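run-v3.cif follows; it contains mmCIF, N, CA and C atoms.
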```cif
data_target
loop_
_atom_site.label_atom_id
_atom_site.label_comp_id
_atom_site.auth_asym_id
_atom_site.auth_seq_id
_atom_site.Cartn_x
_atom_site.Cartn_y
_atom_site.Cartn_z
N ALA A 28 -121.58 -31.25 -70.47
CA ALA A 28 -121.98 -31.48 -69.08
C ALA A 28 -121.08 -30.68 -68.17
N ALA A 29 -121.60 -30.26 -67.06
CA ALA A 29 -120.83 -29.46 -66.11
C ALA A 29 -120.00 -30.37 -65.22
N VAL A 30 -118.87 -29.86 -64.77
CA VAL A 30 -118.03 -30.63 -63.85
C VAL A 30 -118.33 -30.21 -62.43
N GLY A 31 -117.92 -31.04 -61.46
CA GLY A 31 -118.15 -30.76 -60.04
C GLY A 31 -117.43 -29.51 -59.59
N ASP A 32 -117.99 -28.84 -58.61
CA ASP A 32 -117.36 -27.65 -58.06
C ASP A 32 -116.29 -28.04 -57.07
N PRO A 33 -115.27 -27.17 -56.88
CA PRO A 33 -114.23 -27.46 -55.90
C PRO A 33 -114.83 -27.52 -54.49
N ALA A 34 -114.22 -28.30 -53.65
CA ALA A 34 -114.67 -28.38 -52.26
C ALA A 34 -113.45 -28.31 -51.34
N LEU A 35 -113.59 -27.67 -50.20
CA LEU A 35 -112.50 -27.58 -49.24
C LEU A 35 -112.48 -28.83 -48.38
N ALA A 36 -111.29 -29.26 -48.00
CA ALA A 36 -111.16 -30.42 -47.12
C ALA A 36 -110.03 -30.19 -46.15
N THR A 37 -110.11 -30.83 -44.98
CA THR A 37 -109.05 -30.70 -43.98
C THR A 37 -108.63 -32.06 -43.48
N SER A 38 -108.81 -33.09 -44.27
CA SER A 38 -108.46 -34.44 -43.85
C SER A 38 -107.44 -35.05 -44.80
N GLN A 39 -107.03 -36.27 -44.49
CA GLN A 39 -106.11 -36.99 -45.36
C GLN A 39 -106.79 -37.25 -46.70
N CYS A 40 -106.02 -37.28 -47.76
CA CYS A 40 -106.59 -37.52 -49.07
C CYS A 40 -105.72 -38.49 -49.82
N GLY A 41 -106.18 -39.70 -49.98
CA GLY A 41 -105.50 -40.69 -50.80
C GLY A 41 -104.02 -40.82 -50.53
N SER A 42 -103.20 -40.66 -51.57
CA SER A 42 -101.77 -40.89 -51.45
C SER A 42 -100.97 -39.62 -51.15
N CYS A 43 -101.62 -38.49 -50.92
CA CYS A 43 -100.89 -37.26 -50.60
C CYS A 43 -100.20 -37.42 -49.26
N ASP A 44 -99.00 -36.87 -49.14
CA ASP A 44 -98.27 -36.95 -47.89
C ASP A 44 -98.77 -35.89 -46.93
N GLY A 45 -99.14 -36.29 -45.73
CA GLY A 45 -99.54 -35.35 -44.69
C GLY A 45 -100.95 -34.84 -44.86
N PRO A 46 -101.41 -34.05 -43.88
CA PRO A 46 -102.78 -33.53 -43.94
C PRO A 46 -102.93 -32.46 -45.02
N ILE A 47 -104.13 -32.32 -45.51
CA ILE A 47 -104.45 -31.34 -46.55
C ILE A 47 -105.07 -30.13 -45.85
N HIS A 48 -104.26 -29.24 -45.33
CA HIS A 48 -104.76 -28.07 -44.61
C HIS A 48 -105.19 -26.99 -45.58
N ASP A 49 -106.48 -26.77 -45.65
CA ASP A 49 -107.05 -25.70 -46.47
C ASP A 49 -106.65 -25.77 -47.94
N HIS A 50 -106.27 -26.95 -48.42
CA HIS A 50 -106.03 -27.11 -49.85
C HIS A 50 -107.39 -27.26 -50.53
N MET A 51 -107.46 -26.83 -51.76
CA MET A 51 -108.70 -27.01 -52.50
C MET A 51 -108.65 -28.35 -53.21
N LEU A 52 -109.68 -29.14 -53.05
CA LEU A 52 -109.76 -30.42 -53.74
C LEU A 52 -110.70 -30.28 -54.92
N LEU A 53 -110.29 -30.87 -56.02
CA LEU A 53 -111.12 -30.87 -57.22
C LEU A 53 -111.55 -32.29 -57.51
N GLN A 54 -112.79 -32.44 -57.84
CA GLN A 54 -113.28 -33.76 -58.22
C GLN A 54 -113.92 -33.64 -59.59
N ALA A 55 -113.46 -34.46 -60.51
CA ALA A 55 -114.04 -34.50 -61.85
C ALA A 55 -115.04 -35.64 -61.88
N HIS A 56 -116.29 -35.35 -62.05
CA HIS A 56 -117.33 -36.38 -62.07
C HIS A 56 -117.35 -37.09 -63.42
N ARG A 57 -117.80 -38.32 -63.43
CA ARG A 57 -117.86 -39.11 -64.67
C ARG A 57 -118.65 -38.40 -65.76
N SER A 58 -119.72 -37.70 -65.41
CA SER A 58 -120.53 -37.03 -66.43
C SER A 58 -119.75 -35.94 -67.14
N SER A 59 -118.73 -35.38 -66.48
CA SER A 59 -117.94 -34.32 -67.11
C SER A 59 -117.06 -34.87 -68.22
N LEU A 60 -116.78 -36.15 -68.19
CA LEU A 60 -115.90 -36.74 -69.20
C LEU A 60 -116.53 -36.71 -70.59
N ALA A 61 -117.83 -36.45 -70.65
CA ALA A 61 -118.49 -36.34 -71.94
C ALA A 61 -117.96 -35.16 -72.73
N THR A 62 -117.33 -34.19 -72.05
CA THR A 62 -116.79 -33.02 -72.74
C THR A 62 -115.44 -33.33 -73.39
N VAL A 63 -114.85 -34.48 -73.07
CA VAL A 63 -113.56 -34.85 -73.63
C VAL A 63 -113.82 -35.62 -74.92
N SER A 64 -113.22 -35.15 -76.01
CA SER A 64 -113.57 -35.68 -77.33
C SER A 64 -112.73 -36.87 -77.79
N ASP A 65 -111.76 -37.32 -76.97
CA ASP A 65 -110.91 -38.41 -77.46
C ASP A 65 -111.48 -39.80 -77.21
N GLY A 66 -112.67 -39.89 -76.63
CA GLY A 66 -113.31 -41.18 -76.43
C GLY A 66 -112.85 -41.92 -75.19
N SER A 67 -111.82 -41.42 -74.51
CA SER A 67 -111.31 -42.08 -73.32
C SER A 67 -112.15 -41.70 -72.11
N THR A 68 -112.39 -42.65 -71.23
CA THR A 68 -113.12 -42.36 -69.99
C THR A 68 -112.31 -42.90 -68.83
N GLY A 69 -111.33 -42.13 -68.37
CA GLY A 69 -110.48 -42.53 -67.27
C GLY A 69 -111.21 -42.50 -65.95
N GLU A 70 -110.61 -43.13 -64.96
CA GLU A 70 -111.15 -43.15 -63.60
C GLU A 70 -111.09 -41.74 -63.01
N PRO A 71 -112.19 -41.24 -62.47
CA PRO A 71 -112.17 -39.90 -61.85
C PRO A 71 -111.25 -39.88 -60.62
N HIS A 72 -110.49 -38.83 -60.48
CA HIS A 72 -109.57 -38.66 -59.36
C HIS A 72 -109.89 -37.39 -58.60
N LEU A 73 -109.38 -37.33 -57.38
CA LEU A 73 -109.39 -36.09 -56.61
C LEU A 73 -108.04 -35.44 -56.82
N TYR A 74 -108.02 -34.12 -56.89
CA TYR A 74 -106.79 -33.36 -57.08
C TYR A 74 -106.70 -32.31 -55.99
N THR A 75 -105.49 -32.09 -55.51
CA THR A 75 -105.27 -31.03 -54.54
C THR A 75 -104.36 -29.97 -55.15
N GLU A 76 -104.65 -28.74 -54.85
CA GLU A 76 -103.92 -27.59 -55.40
C GLU A 76 -102.69 -27.31 -54.54
N ARG A 77 -101.61 -26.94 -55.19
CA ARG A 77 -100.38 -26.55 -54.51
C ARG A 77 -99.64 -25.54 -55.39
N SER A 78 -98.54 -25.00 -54.88
CA SER A 78 -97.75 -24.07 -55.67
C SER A 78 -97.22 -24.77 -56.92
N LEU A 79 -96.95 -24.00 -57.96
CA LEU A 79 -96.40 -24.56 -59.18
C LEU A 79 -95.06 -25.21 -58.86
N VAL A 80 -94.87 -26.45 -59.30
CA VAL A 80 -93.63 -27.17 -58.99
C VAL A 80 -92.54 -26.83 -59.99
N ALA A 81 -91.29 -26.90 -59.52
CA ALA A 81 -90.13 -26.60 -60.37
C ALA A 81 -90.00 -27.62 -61.50
N ASP A 82 -90.16 -28.89 -61.18
CA ASP A 82 -90.09 -29.96 -62.18
C ASP A 82 -91.50 -30.50 -62.39
N GLU A 83 -92.15 -30.08 -63.46
CA GLU A 83 -93.52 -30.51 -63.75
C GLU A 83 -93.59 -31.81 -64.54
N GLY A 84 -92.46 -32.30 -65.00
CA GLY A 84 -92.48 -33.47 -65.87
C GLY A 84 -92.71 -33.04 -67.31
N ARG A 85 -93.00 -34.00 -68.16
CA ARG A 85 -93.24 -33.71 -69.58
C ARG A 85 -94.70 -33.37 -69.82
N GLY A 86 -94.92 -32.54 -70.82
CA GLY A 86 -96.28 -32.21 -71.22
C GLY A 86 -96.93 -33.38 -71.93
N VAL A 87 -98.22 -33.55 -71.70
CA VAL A 87 -99.01 -34.59 -72.34
C VAL A 87 -99.99 -33.87 -73.26
N HIS A 88 -99.77 -33.94 -74.55
CA HIS A 88 -100.58 -33.21 -75.55
C HIS A 88 -100.31 -31.71 -75.45
N ALA A 89 -100.93 -30.96 -76.31
CA ALA A 89 -100.79 -29.50 -76.31
C ALA A 89 -101.62 -28.90 -75.18
N SER A 90 -101.25 -27.69 -74.76
CA SER A 90 -102.07 -27.00 -73.76
C SER A 90 -103.36 -26.53 -74.42
N PHE A 91 -104.36 -26.24 -73.61
CA PHE A 91 -105.64 -25.80 -74.16
C PHE A 91 -106.32 -24.87 -73.17
N THR A 92 -107.34 -24.18 -73.63
CA THR A 92 -108.08 -23.23 -72.82
C THR A 92 -109.31 -23.89 -72.23
N VAL A 93 -109.50 -23.72 -70.92
CA VAL A 93 -110.70 -24.18 -70.22
C VAL A 93 -111.12 -23.07 -69.26
N HIS A 94 -112.36 -23.10 -68.81
CA HIS A 94 -112.87 -22.05 -67.94
C HIS A 94 -112.65 -22.31 -66.47
N LYS A 95 -112.49 -23.59 -66.10
CA LYS A 95 -112.32 -23.96 -64.70
C LYS A 95 -111.25 -25.04 -64.57
N ALA A 96 -110.61 -25.08 -63.40
CA ALA A 96 -109.63 -26.13 -63.14
C ALA A 96 -110.28 -27.51 -63.14
N THR A 97 -111.57 -27.59 -62.81
CA THR A 97 -112.26 -28.88 -62.82
C THR A 97 -112.35 -29.45 -64.24
N GLU A 98 -112.43 -28.58 -65.25
CA GLU A 98 -112.44 -29.05 -66.63
C GLU A 98 -111.08 -29.63 -66.99
N CYS A 99 -110.03 -29.02 -66.47
CA CYS A 99 -108.67 -29.52 -66.69
C CYS A 99 -108.52 -30.89 -66.00
N ALA A 100 -109.09 -31.02 -64.80
CA ALA A 100 -109.04 -32.30 -64.07
C ALA A 100 -109.73 -33.40 -64.87
N ALA A 101 -110.86 -33.09 -65.47
CA ALA A 101 -111.57 -34.09 -66.28
C ALA A 101 -110.73 -34.50 -67.48
N ARG A 102 -110.04 -33.54 -68.10
CA ARG A 102 -109.16 -33.88 -69.24
C ARG A 102 -108.01 -34.77 -68.79
N CYS A 103 -107.45 -34.47 -67.62
CA CYS A 103 -106.36 -35.29 -67.10
C CYS A 103 -106.85 -36.71 -66.85
N ASP A 104 -108.02 -36.85 -66.23
CA ASP A 104 -108.59 -38.18 -65.98
C ASP A 104 -108.82 -38.96 -67.26
N ALA A 105 -109.15 -38.27 -68.32
CA ALA A 105 -109.44 -38.93 -69.60
C ALA A 105 -108.20 -39.20 -70.44
N THR A 106 -107.03 -38.80 -69.92
CA THR A 106 -105.77 -38.97 -70.65
C THR A 106 -104.88 -39.94 -69.87
N PRO A 107 -104.69 -41.16 -70.37
CA PRO A 107 -103.96 -42.19 -69.62
C PRO A 107 -102.57 -41.76 -69.11
N ALA A 108 -101.83 -40.98 -69.86
CA ALA A 108 -100.48 -40.61 -69.44
C ALA A 108 -100.46 -39.45 -68.44
N CYS A 109 -101.58 -38.81 -68.19
CA CYS A 109 -101.62 -37.64 -67.30
C CYS A 109 -101.64 -38.05 -65.84
N ARG A 110 -100.75 -37.44 -65.04
CA ARG A 110 -100.67 -37.71 -63.60
C ARG A 110 -100.89 -36.45 -62.76
N SER A 111 -100.77 -35.27 -63.40
CA SER A 111 -100.96 -33.99 -62.71
C SER A 111 -101.19 -32.95 -63.80
N PHE A 112 -101.52 -31.73 -63.39
CA PHE A 112 -101.68 -30.67 -64.37
C PHE A 112 -101.41 -29.32 -63.73
N SER A 113 -101.08 -28.35 -64.56
CA SER A 113 -100.96 -26.97 -64.09
C SER A 113 -102.07 -26.17 -64.77
N TYR A 114 -102.57 -25.18 -64.02
CA TYR A 114 -103.68 -24.39 -64.51
C TYR A 114 -103.47 -22.93 -64.13
N SER A 115 -103.72 -22.04 -65.09
CA SER A 115 -103.63 -20.60 -64.87
C SER A 115 -105.03 -20.02 -64.79
N THR A 116 -105.34 -19.42 -63.65
CA THR A 116 -106.65 -18.77 -63.50
C THR A 116 -106.74 -17.51 -64.36
N TRP A 117 -105.62 -16.88 -64.63
CA TRP A 117 -105.61 -15.65 -65.42
C TRP A 117 -105.70 -15.94 -66.91
N GLU A 118 -104.91 -16.90 -67.39
CA GLU A 118 -104.89 -17.24 -68.82
C GLU A 118 -105.92 -18.31 -69.19
N ARG A 119 -106.48 -18.97 -68.18
CA ARG A 119 -107.41 -20.09 -68.39
C ARG A 119 -106.73 -21.21 -69.20
N ALA A 120 -105.45 -21.39 -68.93
CA ALA A 120 -104.64 -22.37 -69.66
C ALA A 120 -104.46 -23.64 -68.83
N CYS A 121 -104.63 -24.77 -69.48
CA CYS A 121 -104.49 -26.09 -68.86
C CYS A 121 -103.33 -26.82 -69.52
N HIS A 122 -102.42 -27.32 -68.70
CA HIS A 122 -101.25 -28.06 -69.18
C HIS A 122 -101.21 -29.41 -68.47
N LEU A 123 -101.48 -30.49 -69.20
CA LEU A 123 -101.43 -31.83 -68.64
C LEU A 123 -99.99 -32.28 -68.54
N LYS A 124 -99.65 -32.99 -67.45
CA LYS A 124 -98.27 -33.42 -67.19
C LYS A 124 -98.22 -34.90 -66.86
N ASP A 125 -97.06 -35.52 -67.14
CA ASP A 125 -96.90 -36.95 -66.88
C ASP A 125 -96.29 -37.25 -65.52
N LYS A 126 -95.93 -36.24 -64.76
CA LYS A 126 -95.27 -36.44 -63.47
C LYS A 126 -96.28 -36.63 -62.34
N GLU A 127 -96.00 -37.60 -61.47
CA GLU A 127 -96.79 -37.79 -60.27
C GLU A 127 -96.21 -36.85 -59.20
N VAL A 128 -96.82 -35.69 -59.05
CA VAL A 128 -96.32 -34.66 -58.15
C VAL A 128 -96.65 -35.03 -56.71
N ARG A 129 -95.74 -34.68 -55.79
CA ARG A 129 -95.91 -34.90 -54.35
C ARG A 129 -95.88 -33.56 -53.62
N GLU A 130 -96.45 -33.53 -52.45
CA GLU A 130 -96.50 -32.31 -51.63
C GLU A 130 -95.10 -31.75 -51.37
N GLY A 131 -94.12 -32.62 -51.18
CA GLY A 131 -92.76 -32.18 -50.86
C GLY A 131 -91.93 -31.73 -52.06
N ASP A 132 -92.43 -31.83 -53.27
CA ASP A 132 -91.68 -31.40 -54.45
C ASP A 132 -91.39 -29.90 -54.38
N GLN A 133 -90.22 -29.53 -54.85
CA GLN A 133 -89.79 -28.13 -54.79
C GLN A 133 -90.67 -27.24 -55.64
N ALA A 134 -90.99 -26.06 -55.10
CA ALA A 134 -91.80 -25.07 -55.82
C ALA A 134 -90.93 -24.31 -56.82
N LYS A 135 -91.54 -23.86 -57.88
CA LYS A 135 -90.85 -23.08 -58.90
C LYS A 135 -90.62 -21.67 -58.36
N LEU A 136 -89.40 -21.19 -58.55
CA LEU A 136 -89.04 -19.82 -58.16
C LEU A 136 -88.48 -19.11 -59.36
N PRO A 137 -88.80 -17.86 -59.63
CA PRO A 137 -89.73 -17.06 -58.84
C PRO A 137 -91.16 -17.58 -59.03
N VAL A 138 -91.99 -17.23 -58.06
CA VAL A 138 -93.38 -17.70 -58.06
C VAL A 138 -94.14 -17.13 -59.24
N ASN A 139 -94.86 -17.98 -59.93
CA ASN A 139 -95.71 -17.58 -61.05
C ASN A 139 -97.13 -17.49 -60.50
N TRP A 140 -97.56 -16.32 -60.08
CA TRP A 140 -98.76 -16.13 -59.26
C TRP A 140 -100.04 -16.71 -59.84
N HIS A 141 -100.19 -16.80 -61.14
CA HIS A 141 -101.45 -17.27 -61.68
C HIS A 141 -101.45 -18.74 -62.07
N TYR A 142 -100.33 -19.41 -61.95
CA TYR A 142 -100.27 -20.85 -62.22
C TYR A 142 -100.19 -21.62 -60.92
N ARG A 143 -100.92 -22.75 -60.86
CA ARG A 143 -100.89 -23.66 -59.74
C ARG A 143 -100.77 -25.08 -60.29
N THR A 144 -100.15 -25.95 -59.51
CA THR A 144 -100.07 -27.36 -59.85
C THR A 144 -101.17 -28.09 -59.11
N TYR A 145 -101.79 -29.05 -59.78
CA TYR A 145 -102.82 -29.90 -59.17
C TYR A 145 -102.32 -31.33 -59.23
N MET A 146 -102.19 -31.93 -58.06
CA MET A 146 -101.68 -33.31 -57.99
C MET A 146 -102.78 -34.26 -57.57
N ARG A 147 -102.71 -35.47 -58.09
CA ARG A 147 -103.70 -36.49 -57.74
C ARG A 147 -103.53 -36.91 -56.29
N CYS A 148 -104.64 -37.16 -55.65
CA CYS A 148 -104.58 -37.64 -54.26
C CYS A 148 -105.68 -38.65 -54.00
N GLY A 149 -105.89 -39.55 -54.92
CA GLY A 149 -106.89 -40.61 -54.74
C GLY A 149 -107.95 -40.57 -55.81
N THR A 150 -108.80 -41.58 -55.79
CA THR A 150 -109.90 -41.65 -56.74
C THR A 150 -111.18 -41.19 -56.06
N SER A 151 -112.08 -40.67 -56.85
CA SER A 151 -113.37 -40.23 -56.30
C SER A 151 -114.29 -41.42 -56.17
N GLU A 152 -115.26 -41.27 -55.31
CA GLU A 152 -116.29 -42.29 -55.16
C GLU A 152 -117.56 -41.76 -55.79
N THR A 153 -118.04 -42.44 -56.84
CA THR A 153 -119.23 -41.97 -57.52
C THR A 153 -120.40 -42.87 -57.24
#
```
Whole structure given in structure tokens:
Amino acid sequence: AAVGDPALATSQCGSCDGPIHDHMLLQAHRSSLATVSDGSTGEPHLYTERSLVADEGRGVHASFTVHKATECAARCDATPACRSFSYSTWERACHLKDKEVREGDQAKLPVNWHYRTYMRCGTSET
């Protein structure tokens, strides 16, 4: 099943600190969870994109290849220990993380141009 497309937002989003100015929000729809093979069906969340954080927390499972960040979001939702993820548009690599990332967390330097961190900012309404 296909996952939802990213949507732009300029309003408050769940537990994220401050306004979400031109951040991309990702929503993983329940139907997309059918692509996750571990049998888990976590609550769908909204994710906002930000720079790769310096402290990403621990990895949850091995990294894997996906075609879209929304597929990575669906995997995170289906994995109980996952609180955020990093995704590379160039490598198509998804890395699930156990850290609850915040907008104010320090960015990783030097900047890794093709990796971005996606942090949870509320649950989706289906």
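In this model, the gap between atom N of Glu70 (chain A) and atom C of Trp140 (chain A) comes to 28.9 Å.
CA of Tyr145 (chain A) is found 12.0 Å from CA of Ala101 (chain A).
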Take the point (-104.8, -36.6, -67.8) in the file's coordinates, draw a sphere of radius 10 Å around it, and report as a VMD selection string every protein, DNA or RNA residue with an atom inside or on it, counting only C-alpha atoms.
chain A and resid 69 72 87 to 88 99 to 112 122 to 125
Could you work out an axis-aligned box for region 118-130 of chain A, taking every atom the file lists and adding 6 Å on each side, and report centre and edge lengths in Å to one decimal, as lines of an AutoDock Vina configuration file?
```
center_x = -101.3
center_y = -27.3
center_z = -60.5
size_x = 24.3
size_y = 32.9
size_z = 30.3
```
Of the candidates A:Pro71, A:Ala81, A:Glu76, A:Arg147, which one gets nearest to Ala134 (chain A) if we count only C-alpha atoms?
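Closest to Ala134 (chain A) of all the choices is A:Ala81.
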Nearest residue to Met146 (chain A) from the set A:Arg85, A:Lys95, A:Arg129, A:Arg119 (distances using all atoms listed in the file):
A:Arg129
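Considering only N, CA and C atoms, the residue among A:Glu98, A:Val128, A:Lys135, A:His141 positioned nearest to Thr116 (chain A) is A:His141.
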Quick one: pull the distance between atom C of Arg143 (chain A) and atom N of Trp117 (chain A), Å, one decimal.
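We find that atom C of Arg143 (chain A) and atom N of Trp117 (chain A) lie 10.5 Å from each other.
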Near Pro137 (chain A), within 12 Å and counting only C-alpha atoms, which residues show up once chain neighbours fewer than 4 positions away are dropped, as an MDAnalysis selection string?
chainID A and resid 78:81 133 142
Restricting the calculation to all atoms listed in the file, which member of A:Thr144, A:Gly149, A:Tyr114, A:Arg77 is positioned closest to Ala96 (chain A)?
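Ranked by minimum distance to Ala96 (chain A), first place goes to A:Tyr114.
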